[in-house]
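A short write-up of the structure that comes next.
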Amino acid sequence: MHTEPDNEVMHGWMAEFDDPETLLDATQKAFDEGYRKMDAYTPFPIHGLNDALGFRWNMVPTFTLIGGLGGAAAGFGMQAFAMGQHYVYNIGGRPPVSWPMFIPITFECGILCAAFSALISMMVLNGLPQPYHPVFNNERFAERAFRDGFFLCLESKDPRFDEGESKVFLEGLGAKSVTVVEA
Amino acid sequence: MADFEINDPRLKEMQKRFLVVGIVGIVASLGMIAISGTNEFFQGYLLAFLFWNGLALGCMHVLMLHHIVAGGWGFVIQRILEAASRNLWWMPILFLPMMYPLFTGNVHVWPWTNDEFLAGNAVVASKTAYLDENFFVARFILYYACWLGLVYCLNGWSKQLDATNDQKLPVRLRQISSIGMVIYILTVTFAVTDWGMSIEPEWFSTIYPPIHFAGYGLCALVFSILMLALVHKSRPLADVMSMEYFTQLGGLTLGITIAWSYFSFSQFLITWSGNLPEEIGFFLHRTDNSLIVWAVILILFHFAIPLLFLLQRLVKNNLRWLVMMAALIFTMRFVDLTYLIKPSFIGNHNQFPLGLMDIFLFIGIGGVWMSRFFAELAKRPLLPLNDERMPGALDHGLLGTEHTPEGAEHA
Amino acid sequence: MAVVGKSLKEIDPQPPLLEPGHDYNSLTDKISDIVDRQEPPRAWFVAMGIACLGVLILLNSLVYLFYKGVGIWGVNVPVAWGFAIINFVWWIGIGHAGTLISAILLLLRQDWRTSINRFAEAMTLCAVAMAGMFPIIHMGRPWVAYFILPYPNTMALWPNFRSPLCWDVFAISTYMTVSLLFWYTGLVPDFGGMRDRAKGKLGKIGFGIVSLGWRNSARHWFRYETAYVLFAGLSTPLVVSVHSIISFDFSVGVIPGWHTTIFPPYFVAGAVYAGFAMVLLLAIPIRVIYKIEDIITMKHLDNCAKVMLATGLVVFYGYFTEVFFAWYSGNIYEQYMMFGNRWFGPYNYSYWALILCNGFVPQFLWLKSVRQSPMALFIISIIVSIGMWLERYVIVVTSLHRDFLPSSWGTYHGTFWDWATYIGTLGTFLFLFMLFVRFIPMISVFELKHLLHTQQHLEAHAKGDGDAH
């Protein structure tokens with residue numbers, strides 16, 4: 001069944017593993033071996049897999065914080081401007097800028113913007129929505145990735161990647177199967 | 001279990017030191033009476049009592065919460081909470097000096113005890129069915145009967161579990177805690193009404209008791225973080241201890257900090273916007289005359305800074321930072337209670353609330369309290385070794401015989 | 001081992017979160033098949049039939065309302081807030097349990113959220129949609145509802161930001177939006193799974209679009225999980241703020257019975273209480289109809305019941321403090337509202353029914369045997385739902401119908417159209433929920449697999465440990 005892939009049209013090698021533990025172990029070994037352009041695919045998030053890929057830190061919380069603070073500031077600013085500057089009127093003798101009464105809307109605006117920042121930064125950083133990706137060309141992946149398949153894909157873009165050697169390497173890590181991913 | 005060695009000589013050392021601190025504080029405060037008079041003494045005494053009694057109550061509350069949810073964080077502080085809750089045995093005795101202003105009608109402590117005050121205030125006079133000295137004492141006895149009953153069960157059964165390894169006891173502890181929670185909430189509601197709210201007898205606020213629940217619980221939690229940081233390297237605690245427990249306690253602290261802020265802000269917003277004469281006095285008494293600074297301090301250091309820091313995993317994962325946060329919140333608990341209690345006293349409205357007298361009494365009662373706490377803490381192993389709910393109990397071989405040669409004979 | 005007698009597990013056995021016998025594959029199929037392989041069960045058609053009837057009733061009521069105006073309802077001075085506000089608060093409260101399950105339980109790392117969070121969130125969305133409708137149709141001129149938004153206009157007008165009713169606009173719209181985003185974020189990986197197993201073109205394209213090209217990459221999961229936890233961290237204070245703001249609608253004013261400081265936390269607890277009752281009302285039949293008792297187990301029902309008991313006690317405590325402090329206050333208006341009006345006034349039946357439904361009946365949940373009986377839980381949940389509706393009825397009607405001046409006292413009763421609108425929303429809620437059950441995986445598949453993995457891990461651990469001893 002195995003055919004020699006053309007380097008031009010090869011995305012990488014896709015190795016399938018039986019369980020998350022083997023995959024985690026294999027990913028760590030591949031990282032230690034010097035592979036960087038690779039990705040693991042699991043039907044549910046596996047704790048520590050990102051560390052094994054050398055991916056320890058992401059920007060989502062930072063953007064969320066900025067979004068939240070910005071939203072809250074804008075919310076408060078809008079109210080203070082509207083009630084204190086633009087359209088001043090007396091209600092029950094309270095001061096125009098009644099800050100205690102501005103807290104609820106400030107809070108809601110902060111939460112709303114933070115939530116959008118979290119979602120949008122997660123999507124943009126992940127490159128979603130993405131209409132096409134080569135991994136789905138792999139039949140095994142397309143069939144099992146969302147069921148019970150635990151995959152590791154070494155990509156041909158990696159300088160360490162070698163068509164023959166990388167395959168042997170993956171097989172040595174306890175992969176159930178190693179198949180080609182066409183680009 | 002009796003021959004279990006604590007092997008932490010620091011506890012005895014602490015017990016002695018705090019006792020000295022306590023005695024110095026009390027002597028100093030008694031000396032201060034000559035300068036500032038008895039009114040200030042009783043006001044400061046009530047404040048210090050409410051703080052340290054609240055800490056013991058809060059520890060009991062968190063202990064019951066722990067028995068209900070049985071999360072990992074609870075087991076590492078269970079013995080700290082138990083030791084602190086046993087201090088409740090001393091609290092009714094500590095309250096006795098307050099009987100003097102109660103029965104002499106001192107208008108500067110609880111104004112409703114004063115007949116002249118009642119004659120000039122029809123609204124408060126109409127409340128004397130509840131605000132009555134004898135009824136007050138009867139309720140006081142009832143509260144402590146309830147609390148000490150709970151302390152007795154929670155501590156007694158825990159001790160029995162150490163000795164007998166009877167696994168029915170964790171179930172009973174959970175059951176008493178569920179019921180105890182209801183009893184606690186009801187009794188503390190009345191207790192803080194009697195002791196705190198009635199200082200301004202025309203004022204009332206339904207969220208006032210929950211502010212105290214949250215405050216006491218928060219105080220207990222940061223106190224146990226501080227104590228855990230002190231003893232976490234002692235065995236058997238060191239065998240199961242990991243930073244993860246501190247992180248969880250930090251998360252819980254964050255949650256209760258937010259709850260306290262939420263309750264306090266709700267009270268402020270509703271009272272402020274209603275602006276009713278019978279309610280707004282409470283805030284008028286503590287926002288003029290530069291006293292607003294206290295509110296700003298509370299907003300910053302009791303809410304904003306803990307929130308910003310404890311949201312960071314880096315802080316919660318770092319013992320030094322966490323201990324600093326806990327110490328900050330512990331201090332802020334005293335600041336908050338001072339702000340809640342002191343400006344209420346007649347003659348104290350919008351006065352700078354904290355005097356030397358208050359500090360001496362805080363240290364005096366606190367020193368004795370802490371000394372008793374360390375004595376109690378030294379009495380039992382630092383972990384409930386036989387509780388099968390404890391995560392890792394089986395892993396670490398802590399269950400059963402390893403540390404207790406006597407236990408093997410029971411089997 | 002020094003174990004004397006029985007171990008804790010024998011004394012106090014707990015049902016599992018996931019019945020044994022499942023693997024990753026069987027979980028995927030069991031949940032996804034409901035959407036794309038099986039014919040809907042007969043019960044689904046029955047429920048849908050009833051629901052459609054409700055939708056028709058609602059449409060009818062709305063058309064007549066828009067034709068005639070709010071005069072068809074029972075509202076009039078002094079009771080200008082009637083069913084519309086009662087139903088609004090009731091529905092929004094029900095929504096809160098969904099957010100609580102998905103957000104707070106995630107932060108507290110409670111495994112039992114996994115099997116029920118998806119449909120609880122869907123319940124939130126349906127309930128909030130129903131809730132959001134009421135203030136708008138209550139406006140009298142709903143076609144200018146956009147006046148409540150701060151938009152640039154030629155009159156240079158702003159909404160009154162110092163009014164809690166304006167806070168409501170922000171709270172409800174934020175809540176709806178964030179709940180939707182949270183729910184959708186949770187769905188993306190499962191949509192990917194549905195896309196890859198879809199047989200027809202429609203399924204492939206439809207699920208393909210909504211799955212955004214999700215491919216289970218570990219890097220994606222990492223950011224995804226961060227965002228998901230952040231969502232939980234944002235939703236938790238949000239859900240508390242939303243119902244607090246709704247309680248401000250009442251408590252910021254100075255009406256006796258409304259103006260009390262305990263309202264925010266007590267409203268939040270009441271909302272969660274009613275919400276968990278609704279979760280149980282939905283979960284108990286669904287787990288039987290779709291035969292997923294092995295995934296939504298007795299443990300889930302038991303835990304929901306415990307949360308209901310705890311929040312019910314908080315609500316009961318709220319009633320209790322209202323009574324005690326009304327008496328303690330020495331304020332004649334507060335005292336009259338509580339005793340003269342609520343306890344012994346013309347609407348006292350609703351107050352005492354409320355105490356019975358919300359205060360006493362849930363005390364049965366202390367008993368393990370009750371918590372282990374789906375039938376008993378179902379009945380208690382219905383009673384609690386009625387009780388929570390009565391709570392809002394008592395708050396709105398009794399506080400308003402006797403003003404400060406006896407000359408302006410009046411009475412209020414819901415008319416036929418009040419009831420029709422309410423029943424109509426019940427049907428519409430069911431309609432939306434049944435659509436969800438039919439077309440979207442109602443349990444989070446990837447989280448279920450995660451749970452399975454954790455459990456296998458724990459089992460292996462326990463076994464290894466047992467060998468060692």
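Going through the structure tokens in order, the chains are called A, B, and so on, while each chain numbers its residues from 1 and the ligands are numbered from 1 in the order shown.
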- Query: Which neighbours of range 234-237 of chain C fall inside 7 Å, counting only C-alpha atoms, when residues of the same chain fewer than 6 positions from it are skipped, and could you give them as JSON, numbers by chain?
  - Reply: {"A": [111], "C": [99, 100, 103, 104]}
Could you please take those selected residues and save all heavy atoms as a JSON list (two decimals), in the first residue's frame?
[["chain", "number", "residue", "atom", "x", "y", "z"],
["A", 111, "ILE", "N", -16.76, 42.88, 30.71],
["A", 111, "ILE", "CA", -16.91, 41.44, 30.48],
["A", 111, "ILE", "C", -17.16, 41.16, 29.01],
["A", 111, "ILE", "O", -16.56, 40.25, 28.41],
["A", 111, "ILE", "CB", -18.08, 40.88, 31.33],
["A", 111, "ILE", "CG1", -17.77, 40.98, 32.81],
["A", 111, "ILE", "CG2", -18.40, 39.46, 30.93],
["A", 111, "ILE", "CD1", -16.87, 39.93, 33.37],
["C", 99, "THR", "N", -25.13, 28.54, 33.03],
["C", 99, "THR", "CA", -23.82, 29.20, 33.11],
["C", 99, "THR", "C", -23.07, 28.74, 34.34],
["C", 99, "THR", "O", -21.86, 28.54, 34.31],
["C", 99, "THR", "CB", -24.02, 30.73, 33.18],
["C", 99, "THR", "OG1", -25.05, 31.07, 32.27],
["C", 99, "THR", "CG2", -22.75, 31.44, 32.82],
["C", 100, "LEU", "N", -23.82, 28.56, 35.41],
["C", 100, "LEU", "CA", -23.15, 28.11, 36.64],
["C", 100, "LEU", "C", -22.50, 26.76, 36.43],
["C", 100, "LEU", "O", -21.35, 26.54, 36.78],
["C", 100, "LEU", "CB", -24.16, 28.02, 37.78],
["C", 100, "LEU", "CG", -23.45, 27.70, 39.08],
["C", 100, "LEU", "CD1", -23.21, 28.95, 39.87],
["C", 100, "LEU", "CD2", -24.18, 26.69, 39.90],
["C", 103, "ALA", "N", -19.53, 27.22, 33.93],
["C", 103, "ALA", "CA", -18.42, 28.09, 34.31],
["C", 103, "ALA", "C", -17.87, 27.78, 35.69],
["C", 103, "ALA", "O", -16.71, 27.40, 35.84],
["C", 103, "ALA", "CB", -18.87, 29.55, 34.23],
["C", 104, "ILE", "N", -18.72, 27.89, 36.71],
["C", 104, "ILE", "CA", -18.19, 27.76, 38.07],
["C", 104, "ILE", "C", -17.67, 26.35, 38.29],
["C", 104, "ILE", "O", -16.60, 26.15, 38.86],
["C", 104, "ILE", "CB", -19.26, 28.12, 39.11],
["C", 104, "ILE", "CG1", -19.66, 29.58, 38.93],
["C", 104, "ILE", "CG2", -18.72, 27.91, 40.52],
["C", 104, "ILE", "CD1", -20.61, 30.11, 39.93]]
List as CSV every residue of chain B that is in contact with chain A, defined as an atom at most 9 Å from one of its atoms (using only C-alpha atoms), together with the nearest atom pair and the distance in Å rounded to one decimal, sorted by chain and then rising number.
residue,atom,partner,partner_atom,distance
B:Phe265,CA,A:Pro100,CA,8.6
B:Phe268,CA,A:Pro100,CA,8.3
B:Leu269,CA,A:Pro100,CA,6.2
B:Trp272,CA,A:Pro100,CA,8.3
B:Ser273,CA,A:Met101,CA,8.0
Take the residues just selected and output them with C-alpha atoms as a tab-separated table (two decimals), in the first residue's frame.
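That gives us again.tsv:
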chain	number	residue	atom	x	y	z
B	265	PHE	CA	-20.56	47.09	47.25
B	268	PHE	CA	-23.25	50.57	49.55
B	269	LEU	CA	-25.00	50.92	46.19
B	272	TRP	CA	-26.58	55.13	48.62
B	273	SER	CA	-29.19	55.13	45.89
- Message: Can you work out which residues from chain C touch chain A at a cut-off of 8 Å (counting only C-alpha atoms) and hand them back as an NGL selection string?
- Response: :C and (24-25 or 28 or 156-158 or 160-163 or 167 or 170-171 or 174 or 177-178 or 181 or 185 or 192-193 or 196-197 or 212-227 or 230-231 or 234 or 238 or 241 or 245 or 446-447 or 449-450)
